[in-house]
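Undergrad: The structure under discussion is supplied below as structure tokens; questions concerning it will follow.
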Amino acid sequence: AAPVQVQLVVPVAVVFSRGSVPGDLPSPLPFRDAQEMEISVNLRTSVTSRYEMAYRATTAQEEAALAAATAREADAALHPLQDVSMGSLTMYVVPETSSLLPQGTSVYVGKHRSALVRAGGSLAALHTRLRQVTQVMSFTATSIAAALSDRVPDGRLSPDARRSLKSSLGYEITFSLLNPDPKSHTVDWDIEGAVNSYVKPVLDKLSLVANFSVDSQILYYAILGVTPRYDKESSSFLLSAHSLPHVINPVEARLGSSAASLYPVLNFLLYVPERSHSPLYIQDKDGAPVSTNAFHSPRWGGIMVYNVEAPASPQASLPLHVDVDMARVMEVFLAQLRLLFGLSREELPPEFLLESPGNEGLADWELDHLLWAHTVENIATVSTTLTSLAQLLDKIGNIVIKDDVASEVYRAVASVQSAVAKLSMGHLHSAFQASKEAVTSSERAFFDPSLLHLLYFPDDQKFAIYIPLFLPMAVPILLSLAKIVRETRQRKKEPTKMD
Amino acid sequence: VCTSRFWFNYRHVANTLSVYRSVKRLGIPDSHIVLMLADDMACNPRNPKPATVFSHKNMELNVYGDDVEVDYRSYEVTVENFLRVLTGRIPPSTPRSKRLLSDDRSNILIYMTGHGGNGFLKFQDSEEITNVELADAFEQMWQKRRYNELLFIIDTCQGASMYERFYSPNIMALASSQVGEDSLSHQPDLGIGVHLMDRYTFYVLEFLEEIHPASQTNMNDLFQVCPKSLCVSTPGHRTDLFQRDPQNVLITDFFGSVRKVEITAETVALDRDLAAFESKFPEDELATEPLKYAEQLPVAQIIHQKPKQKDWHPPGGFILGLWALIIMVFFKTYGIKHMKHVF
């Protein structure tokens with residue numbers, strides 16, 4: 001893999017509110033500072049992170065906003081006063097005794113790109129907390145290692161890292177309703193409405209990252225490959241955790257995908273169990289039923305089981321009409337979508353309080369988190385692709401590079417250089433766009449159909465073809481040449497003989 | 001991949017279809033299988049049982065059936081197409097089912113059968129693929145991380161020569177015979193009149209029949225399949241490029257598909273009232289025309305590509321020199337004075 005050296009710069013503004021300035025500041029406010037850290041992935045790949053901290057005191061407007069009653073209101077009031085460029089962060093330090101943050105929390109992370117941090121007494125304690133928050137909101141060593149996962153020696157990646165999708169220019173999302181028992185259940189789901197109300201806001205927010213296309217379908221008589229066990233105690237059917245991997249395959253054969261698009265597909269399946277197997281619950285490893293009744297598979301999608309209540313009277317006429325509660329279903333599917341993209345909120349320290357992003361699905365800083373990872377991944381991919389293309393040219397000397405392939409390569413090189421430059425200046429948005437362009441160009445150059453090595457004959461094959469043709473033809477020519485030379489020499493001697 | 005055509009190569013098609021069936025039975029869907037066959041057996045005029053391909057004598061098992069999805073059939077099975085599928089350098093108009101859309105987490109199984117020799121494999125009786133080309137194609141795949149691990153099985157004469165030249169990591173290879181040996185076929189069926197299967201594949205399939213999606217059998221067992229007493233040829237294998245110990249590699253890692261699964265423990269908190277308000281869309285937004293089928297492919301780009309004008313180049317040095325030599329020798333030998341008689 002090609003060597004990659006990237007510097008990631010995050011501009012952070014640290015704003016001290018009245019009463020929170022620690023006593024041991026190195027110089028009076030405002031001043032600037034920078035913290036660098038090296039994340040080395042393997043011998044030839046290193047990513048340095050540089051947090052450029054700008055410390056200052058609050059303005060009067062910010063002080064007024066921080067006087068709000070709850071952290072959420074403060075965050076909402078502070079939002080218009082911030083520098084909202086992508087990749088930058090703003091930390092507001094509140095006094096240790098402030099009541100803005102609830103008891104026991106020392107950090108509140110808002111929906112946008114700011115956080116409220118409780119002062120810790122000394123500058124050193126504050127620095128530790130600030131470093132934790134800025135890493136959570138931008139990137140950590142783990143997330144960078146995950147982005148460069150094909151360079152990390154196997155076995156050193158955390159399970160989180162293995163989960164996320166590869167950076168791609170687009171994704172196809174397919175929602176499928178599986179009804180194995182149409183004789184008992186007539187299932188109606190307002191998927192179009194649900195997509196418009198719940199899924200579109202999230203995809204609109206993610207539209208910066210990639211193009212999304214959404215389809216939906218209903219499959220009848222699609223059964224799971226596993227027979228669930230009947231559990232007498234709860235009088236329900238249970239699917240154990242170790243049988244879940246075998247559920248997906250029989251269904252996958254029947255899921256279609258668009259013939260024309262090459263984007264990775266994310267499948268979200270809603271399974272309505274048959275009458276004879278209702279209610280059906282999924283068990284986790286400890287045997288407890290899962291509250292969401294859903295599971296997901298990295299890089300593939302997710303499945304949720306939707307149980308239909310038994311009819312009140314046993315004489316109710318079949319088929320039962322079922323109206324799916326789309327909001328509940330979408331809560332689970334969107335959570336799965338977040339997890340598939342690698343955005344998990346689980347491993348945070350307990351004194352952090354995260355604001356829920358609501359219907360948008362993800363906070364601004366989570367979007368930044370994705371963009372940092374994808375930009376680094378794109379740059380690494382481009383450098384590997386172009387290096388291997390160059391190695392291919394070295395190996396097969398007489399390959400012909402067409403003009404458009406050459407121009408794609410030049411464009412890819414220019415874009416990736418621009419992306420690295422922009423990253424080292426802290427402009428995340430333009431760096432990401434440049435890296436996307438670089439990936440498009442390099443993939444187009446590498447996968448151009450004209451670069452098939454079969455079309456270029458190795459030298460030994462050329463000899464093998466031409467020698468049998470030319471050698472017999474050359475024999476009389478060479479003999480005649482020899483005869484000519486002999487005659488010329490004889491003629492030169494003749495005048496002397498004739499005397 | 002079945003690289004033969006014609007009726008007397010029935011057994012190669014039966015080999016390939018039987019492996020295809022086993023792999024589907026163990027869970028791999030058609031969207032993840034690229035099947036290349038000449039496909040001229042089932043409807044061959046010499047087939048006494050039309051629309052069937054049997055893999056067992058006494059016609060026990062019809063491996064053709066009605067859910068076989070052949071991606072490259074008949075004359076599309078060429079060395080060029082095979083290498084294009086592997087390396088991904090495919091023209092943009094190729095549909096999804098004909099592509100190998102693998103990434104760095106995919107394990108790939110490649111099974112090839114046909115007639116082969118020392119260092120090459122014959123494709124459809126008209127071209128060959130050499131072991132060097134195959135090794136280069138795998139290296140291209142590795143460079144672009146198109147596979148995590150690759151298992152290569154080949155059932156031809158002198159099959160071991162095909163995996164001699166591999167040099168990319170994470171490849172394991174199995175062959176039905178060593179260099180200098182021929183792979184033999186298993187049993188003829190007197191009703192159909194041709195040999196139905198090759199020995200190595202027959203015993204591999206017997207072995208696979210005992211595997212189910214949750215089985216824990218490992219690769220070392222597969223290496224023991226078909227010893228010399230049953231197979232007459234000596235099967236070989238190559239594991240030096242593979243990072244894991246074959247003892248720890250499950251058969252289902254390649255032949256089946258067992259996905260990693262996680263329980264979903266989180267939910268997103270959605271505000272239903274907000275959503276209900278947003279769904280009151282103005283009606284004119286839905287007046288877009290549905291996409292026609294043809295618009296999904298870049299048809300305009302494909303059909304309007306003008307063929308590139310080939311510039312005329314004067315003949316190069318070699319040809320000029322050769323012709324000059326020939327003409328000079330001709331005239332020196334026969335003399336200039338004969339020119340008027342010649343022309």
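The chains in the structure tokens are called A, B, ... from first to last as shown; in each chain the residues are counted from 1, and the ligands are counted from 1 in the order shown.
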Select, as a ChimeraX atom specification, those residues of chain B with any atom no more than 8 Å from chain A (distances computed using only C-alpha atoms).
TA: /B:27-31,80,83-84,87-91,95-97,101,104,133,140,143-145,213,257-272,274-276,278-279,296-297,326,329,332-333
Undergrad: Taking the backbone alone, and naming residues the way the document does, which bits of segment 39-265 of chain B are helix (DSSP H, G or I) by DSSP, as a PyMOL selection string?
TA: chain B and resi 57-59+74-76+79-87+96-98+131-143+159-163+199-209+219-223+228-231+246-248+252-255
Undergrad: Taking only C-alpha atoms into account, produce a table as a Markdown table in which each residue of segment 15-75 of chain A with an atom at most 8 Å from an atom of segment 115-120 of chain A appears once, together with its shortest atom pair and the distance in Å to one decimal, ordered by chain and rising number.
TA:
```
| residue | atom | partner | partner_atom | distance |
| --- | --- | --- | --- | --- |
| A:Ser20 | CA | A:Ala119 | CA | 6.0 |
| A:Val21 | CA | A:Ala119 | CA | 7.9 |
| A:Pro22 | CA | A:Ala119 | CA | 7.6 |
| A:Ala71 | CA | A:Leu116 | CA | 7.8 |
| A:Asp75 | CA | A:Ala115 | CA | 7.9 |
```
Undergrad: Counting only C-alpha atoms, which of A:Val109, A:Ala69, A:Leu270, A:Val41 gets nearest to Glu355 of chain A?
TA: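 Comparing A:Val109, A:Ala69, A:Leu270, A:Val41 against Glu355 of chain A, the winner is A:Val109.
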Undergrad: Please compute the atom CA of Ser138 of chain A-atom CA of Asp368 of chain A distance, one decimal, in Å.
TA: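 Atom CA of Asp368 of chain A lies 6.3 Å from atom CA of Ser138 of chain A.
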